[in-house]
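**Student:** Once you've had a glance at the structure underneath, I'll fire off some questions.
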Amino acid sequence: MSASHRSRQVLPLLLGALTLSCSPKKEELLLHVPSPAWEDQVIYFVMTDRFANGDPSNDDQGRGEFDPSSPAHFSGGDLQGIIDRLDYIQGLGATAVWITPPVANMWWDPLQQYGGYHGYWARDLKQVDEHFGTLDTYKALSDALHRRGMYLIQDVVPNHMGNFFQYSAYDPANVGAGIVSNTGAVPTDRPTQAPFDQNDATDPAQRDAAIYHWTPAISDYSSAEQEVSWQLSDLDDLNTENPVVRRALRDSYGYWIREVGVDAFRVDTAKFAPHAFWNDFFHSTDAEAPGMHAVAAATGRDRFFAFGEVYEVSEPFTDTAERKVSSFLGTAEAPELPAVLNFPLYGEIDRVFAASRPTALLTYRLQRSMDRARFPNPHVMPSFIDNHDVRRFLSVSTRDGLAQALAFLFTAPGIPVVYYGTEQLLTENRAAMFRGGFENIGIDQYLESTFYQKVQKLAALRKASPALRRGELEVLYDTHAGAGAFAFRRTLEGQSVLVLMNTAGEKVLVNDLDTKLPAGTVLEVLHSEKEPPTPVVGEGGRLRMELPARAVLIARPSGPTQAPPAPTATISVTTPIEGQTFRDDVTLSGTVTPASTSLRMVVDDYVDRATSIPVAADGSWSVVLPVSAFPKGLNAHTVSFYARSAQAASPRYRFTSDTVFQGDIYTFDDPVGDDTGPVGTYTYPKDATFRDQMDIDGVTLEVEATTMNLKIQMADWSRSWNPSNGFDHVAFNIYLSVPGSAGTNVMPKLSATTPDGFAWTYSHFAFGWESVKTTTSTGATAETYGATAAWNPTMTADEASRTVTFSYDRTALGLASWSGVKVYVATWDFDGIGAAFRELTPEGGQWAMGGGATTDPKIMDDLAPIAIP
């Protein structure tokens, strides 16, 4: 080859190299950014499979796992879908996105007849599931968030893998016996990642490796041993005491921080692993597989965040849950998780805003949450009103209740967490937001709807107010007798925000509220619901106003003070009331000037129920406080004396009633063993935890002048799944027929009608989790509930007597008496995850009832309608 020819060949190569070197360099992905101040964030929680479908090509992997019509199957959502909808999420006001686990999962569990679309049944902790995208897609999500100044939170599950084996019988001395291998699991019958693939207890080498605990499903949630070493719902429990397992878990989850740029973890099932594990997982100094804080620090994250799921809800006015939850923060000598989800507060939000319980419950719970001895930084505790493991808030409450709960979420201490679709009024807890997905309404639901705008406004309000993000909290006003007013303030460095709500379905008088502000302070309303009047801060910093039903008012001091209007009447009370205990009706007396003043007695702030008080010519007055009509037992109350037109009121007096039962008791027996459906053919689900929990043994009605207690005694009782209400494997459908009401006989969602001649006015449904929801017959059909009622009964459960009690207030129902009211009780079971009553099929199944057609009545047992004389 001649030199000239060689030159002609080399020149294009040189030009090509020159062109290549001059080309713009591809922009590097922005995966690693400094940690933010987590107190300032707003989290949007996404179930990846149900949020947005950005890549239909990965929907169906051809193994029968994809079926958008089924709650148990993959629906099509993926990581690309989240990327495509970041404008929507950021526009809502969210600054961080928490996604369900993106790791490779078991797709279908034939033993459970359910799929792993949710991400919590891992088969490989270092691979992205094929339905969600690729590692590159996940990196693209991280990059897209970081370029917006947003952050990525990954759900992690160090406690267990999928259900690749379970036990039919268990002998701790021979853990290889009784093993049932899930050989039909899709796509693989065992984990594909070492060392988690060593899951065969019948193989001595794998058994001795002790990667798993080799234990059956938890049967006693009160057992400390079972809690940390047995299987949660048959999910293969990792031996997190084993150094090999610990190292593998640190390596697996550190990978996502290094490779993808994950900014924080939400830690699933934290209470099911021992405390020492969490110290190791986050703080290990192992050079080869360091703890998460060290891994994150190496990427520039000096405040790596994680919050654990410790699902514990306290009974009212107790702090057992706080003690358990806070223990997972560890100690100064042995720190564990940086933060924990505020499940105790979630329980109280449900009781107060959904179930209309007294607002004093929130006072107690907030005080526990702000206890620095337990929670050194309460402002980083993520708070929420619902999530993927419980019924959506709107399924047990009203839109008014939702508006209040959201206002509380964004003004109370803690990081607000909004579960996807809340802003679009979803009621099915795992419905898809995209067209064609599970339970979708036929459109892409990424709309700037009314509630989207409410959340948007609340998020902006929180962002603009350091006091709401980091301020101290002081409760200023609450109620003990029932739903009603609740007020608190947030303060920081001279800034103050006042939050005032009325959780009742009727107007209340807020009286004698000490705002801690100077008299005449002008308040600027920042956000409101139900158009409450702008409050006036009166003498002594006291506030008095009538607050509409379900109202919200958020305000701050603004401008110079103005002289408050003076009342035109003076009210005095001569009978001692404050701090007294009354056991029977008592006459209260006092004076008012001028004597022409129209005066009323307001009990428990319910101003529309106020009693008019006759005033004598000399201004003296007296009125009977009807203590005998109050609920039996020891109960706290308030009373005020109010002159609306004169803009005057007495102080708000607090007292206690201590009454005994005065009424009638009716008992009704039900045969034991008749829990077999309308024609005696139904069978329980085949899972071993089901026995006879839907069998009614008898019903007792305790009827007093104002209150009625419906006590349902069951033939069997269980709490296999640690239900927050104290019982599981049964749901109660209770119907009340009120005289003079047309009503209906259709039983929504149960393929049934009430007995002949019984038309119900109110219906309520209750099971082992969340609060009771009451609906009316208005608008009720076979497929939909009627309008949500403005009241709910209270529910208590007593395991010792196997009794669930529902308590009703006659005045809330607008009744003059209980006479003529009829009650009908029926049982079935409710699937809290699927958010639906259990399926009925001819053959039955592990979780399905058997012995009937799918269209047959979903009534396992019932009691003939009861009429109150």
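Residue numbers start at 1 in each chain; chains themselves are named A, B, ... in the order of the structure tokens; ligands are numbered from 1 in the order shown.
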Show which residues sit within 8 Å of Leu337 of chain A, as a ChimeraX atom specification. Count only C-alpha atoms, and ignore same-chain residues fewer than 5 positions away.

**Tutor:** /A:278-279,282,306-308,328-330

**Student:** Include C-alpha atoms and write out the residues we just selected as a compact mmCIF listing (two decimals), in the first residue's frame.

**Tutor:**
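Writing done, so here's part-v8.txt:
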# COMPACT_ATOMS: atom_id res chain seq x y z
CA TRP A 278 -31.56 -2.26 63.03
CA ASN A 279 -28.49 -0.91 64.77
CA PHE A 282 -27.92 1.39 59.65
CA ALA A 306 -35.36 6.26 57.04
CA PHE A 307 -38.68 5.74 58.73
CA GLY A 308 -39.94 2.42 59.98
CA PHE A 328 -37.22 1.34 67.37
CA LEU A 329 -35.41 4.66 67.46
CA GLY A 330 -32.92 2.93 69.72

**Student:** Step one, run DSSP on the backbone; step two, keep only residues of segment 593-822 of chain A assigned to helix (DSSP H, G or I); then write them as a PyMOL selection string.

**Tutor:** chain A and resi 607-609+627-629+810-813

**Student:** Take the residues from that selection and put them in a file with all heavy atoms, as a tab-separated table (two decimals), in the first residue's frame.

**Tutor:**
chain	number	residue	atom	x	y	z
A	607	VAL	N	-74.67	23.98	70.20
A	607	VAL	CA	-75.47	25.19	70.34
A	607	VAL	C	-76.87	25.03	69.76
A	607	VAL	O	-77.83	25.66	70.25
A	607	VAL	CB	-74.72	26.38	69.69
A	607	VAL	CG1	-74.60	26.22	68.19
A	607	VAL	CG2	-75.37	27.71	70.06
A	608	ASP	N	-77.03	24.19	68.73
A	608	ASP	CA	-78.36	24.02	68.16
A	608	ASP	C	-79.25	23.14	69.04
A	608	ASP	O	-80.46	23.04	68.80
A	608	ASP	CB	-78.26	23.41	66.76
A	608	ASP	CG	-77.77	24.43	65.74
A	608	ASP	OD1	-77.83	25.64	66.04
A	608	ASP	OD2	-77.33	24.02	64.65
A	609	ARG	N	-78.68	22.49	70.05
A	609	ARG	CA	-79.48	21.71	71.00
A	609	ARG	C	-79.69	22.50	72.30
A	609	ARG	O	-80.18	21.94	73.29
A	609	ARG	CB	-78.78	20.40	71.34
A	609	ARG	CG	-78.41	19.52	70.17
A	609	ARG	CD	-77.87	18.20	70.69
A	609	ARG	NE	-76.96	17.54	69.76
A	609	ARG	CZ	-76.29	16.43	70.04
A	609	ARG	NH1	-76.43	15.85	71.23
A	609	ARG	NH2	-75.48	15.88	69.14
A	627	VAL	N	-78.74	15.53	83.87
A	627	VAL	CA	-77.65	14.55	84.06
A	627	VAL	C	-78.15	13.13	83.87
A	627	VAL	O	-77.43	12.27	83.35
A	627	VAL	CB	-77.03	14.74	85.46
A	627	VAL	CG1	-75.96	13.67	85.73
A	627	VAL	CG2	-76.45	16.13	85.60
A	628	SER	N	-79.38	12.85	84.26
A	628	SER	CA	-79.90	11.48	84.17
A	628	SER	C	-79.98	11.00	82.72
A	628	SER	O	-80.04	9.78	82.48
A	628	SER	CB	-81.28	11.39	84.83
A	628	SER	OG	-82.21	12.26	84.18
A	629	ALA	N	-79.99	11.92	81.77
A	629	ALA	CA	-80.08	11.54	80.37
A	629	ALA	C	-78.70	11.31	79.74
A	629	ALA	O	-78.62	10.88	78.59
A	629	ALA	CB	-80.81	12.62	79.58
A	810	ARG	N	-79.20	8.88	70.78
A	810	ARG	CA	-80.49	9.18	70.16
A	810	ARG	C	-80.54	10.58	69.56
A	810	ARG	O	-81.10	10.78	68.47
A	810	ARG	CB	-81.60	9.03	71.22
A	810	ARG	CG	-82.97	9.52	70.77
A	810	ARG	CD	-84.01	9.34	71.87
A	810	ARG	NE	-83.64	9.97	73.11
A	810	ARG	CZ	-83.73	11.28	73.36
A	810	ARG	NH1	-84.15	12.10	72.41
A	810	ARG	NH2	-83.39	11.77	74.53
A	811	THR	N	-79.92	11.53	70.24
A	811	THR	CA	-79.98	12.90	69.74
A	811	THR	C	-79.23	13.05	68.41
A	811	THR	O	-79.60	13.87	67.57
A	811	THR	CB	-79.40	13.88	70.77
A	811	THR	OG1	-78.06	13.50	71.09
A	811	THR	CG2	-80.23	13.87	72.04
A	812	ALA	N	-78.17	12.28	68.22
A	812	ALA	CA	-77.43	12.35	66.96
A	812	ALA	C	-78.28	11.85	65.80
A	812	ALA	O	-78.13	12.31	64.66
A	812	ALA	CB	-76.14	11.53	67.05
A	813	LEU	N	-79.19	10.91	66.09
A	813	LEU	CA	-80.09	10.39	65.06
A	813	LEU	C	-81.32	11.27	64.87
A	813	LEU	O	-82.13	11.02	63.96
A	813	LEU	CB	-80.55	8.97	65.42
A	813	LEU	CG	-79.60	7.82	65.07
A	813	LEU	CD1	-78.36	7.83	65.97
A	813	LEU	CD2	-80.31	6.48	65.20

**Student:** Would you return as a count of residues only the members of segment 641-850 of chain A that DSSP assigns to strand (DSSP E or B) on this structure's backbone?

**Tutor:** 87

**Student:** Out of A:Thr137, A:Ser657, A:Thr574, A:Thr398, which residue has the shortest atom-to-atom distance to Lys773 of chain A when counting only C-alpha atoms?

**Tutor:**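 Closest to Lys773 of chain A of all the choices is A:Thr398.
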
**Student:** Compile the contact shell of segment 33-48 of chain A as JSON, numbers by chain: residues with an atom at most 6 Å away, counting only C-alpha atoms, same-chain residues fewer than 5 positions apart removed.

**Tutor:** {"A": [77, 78, 94, 95, 96, 97, 98, 99, 100, 300, 301, 303, 379, 380, 416, 417, 418, 419, 420]}

**Student:** So, counting only C-alpha atoms, which residue among A:Val128, A:Val508, A:Leu468, A:Val823 is closest to Ser737 of chain A?

**Tutor:** A:Val823

**Student:** When you count only C-alpha atoms, which of these residues is closest to Met106 of chain A: A:Tyr88, A:Phe164, A:Phe488, A:Tyr684?

**Tutor:** A:Phe164

**Student:** How far is it from atom CA of Pro548 of chain A to atom CA of Thr761 of chain A, in Å with one decimal?

**Tutor:**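 These two atoms are separated by 25.3 Å.
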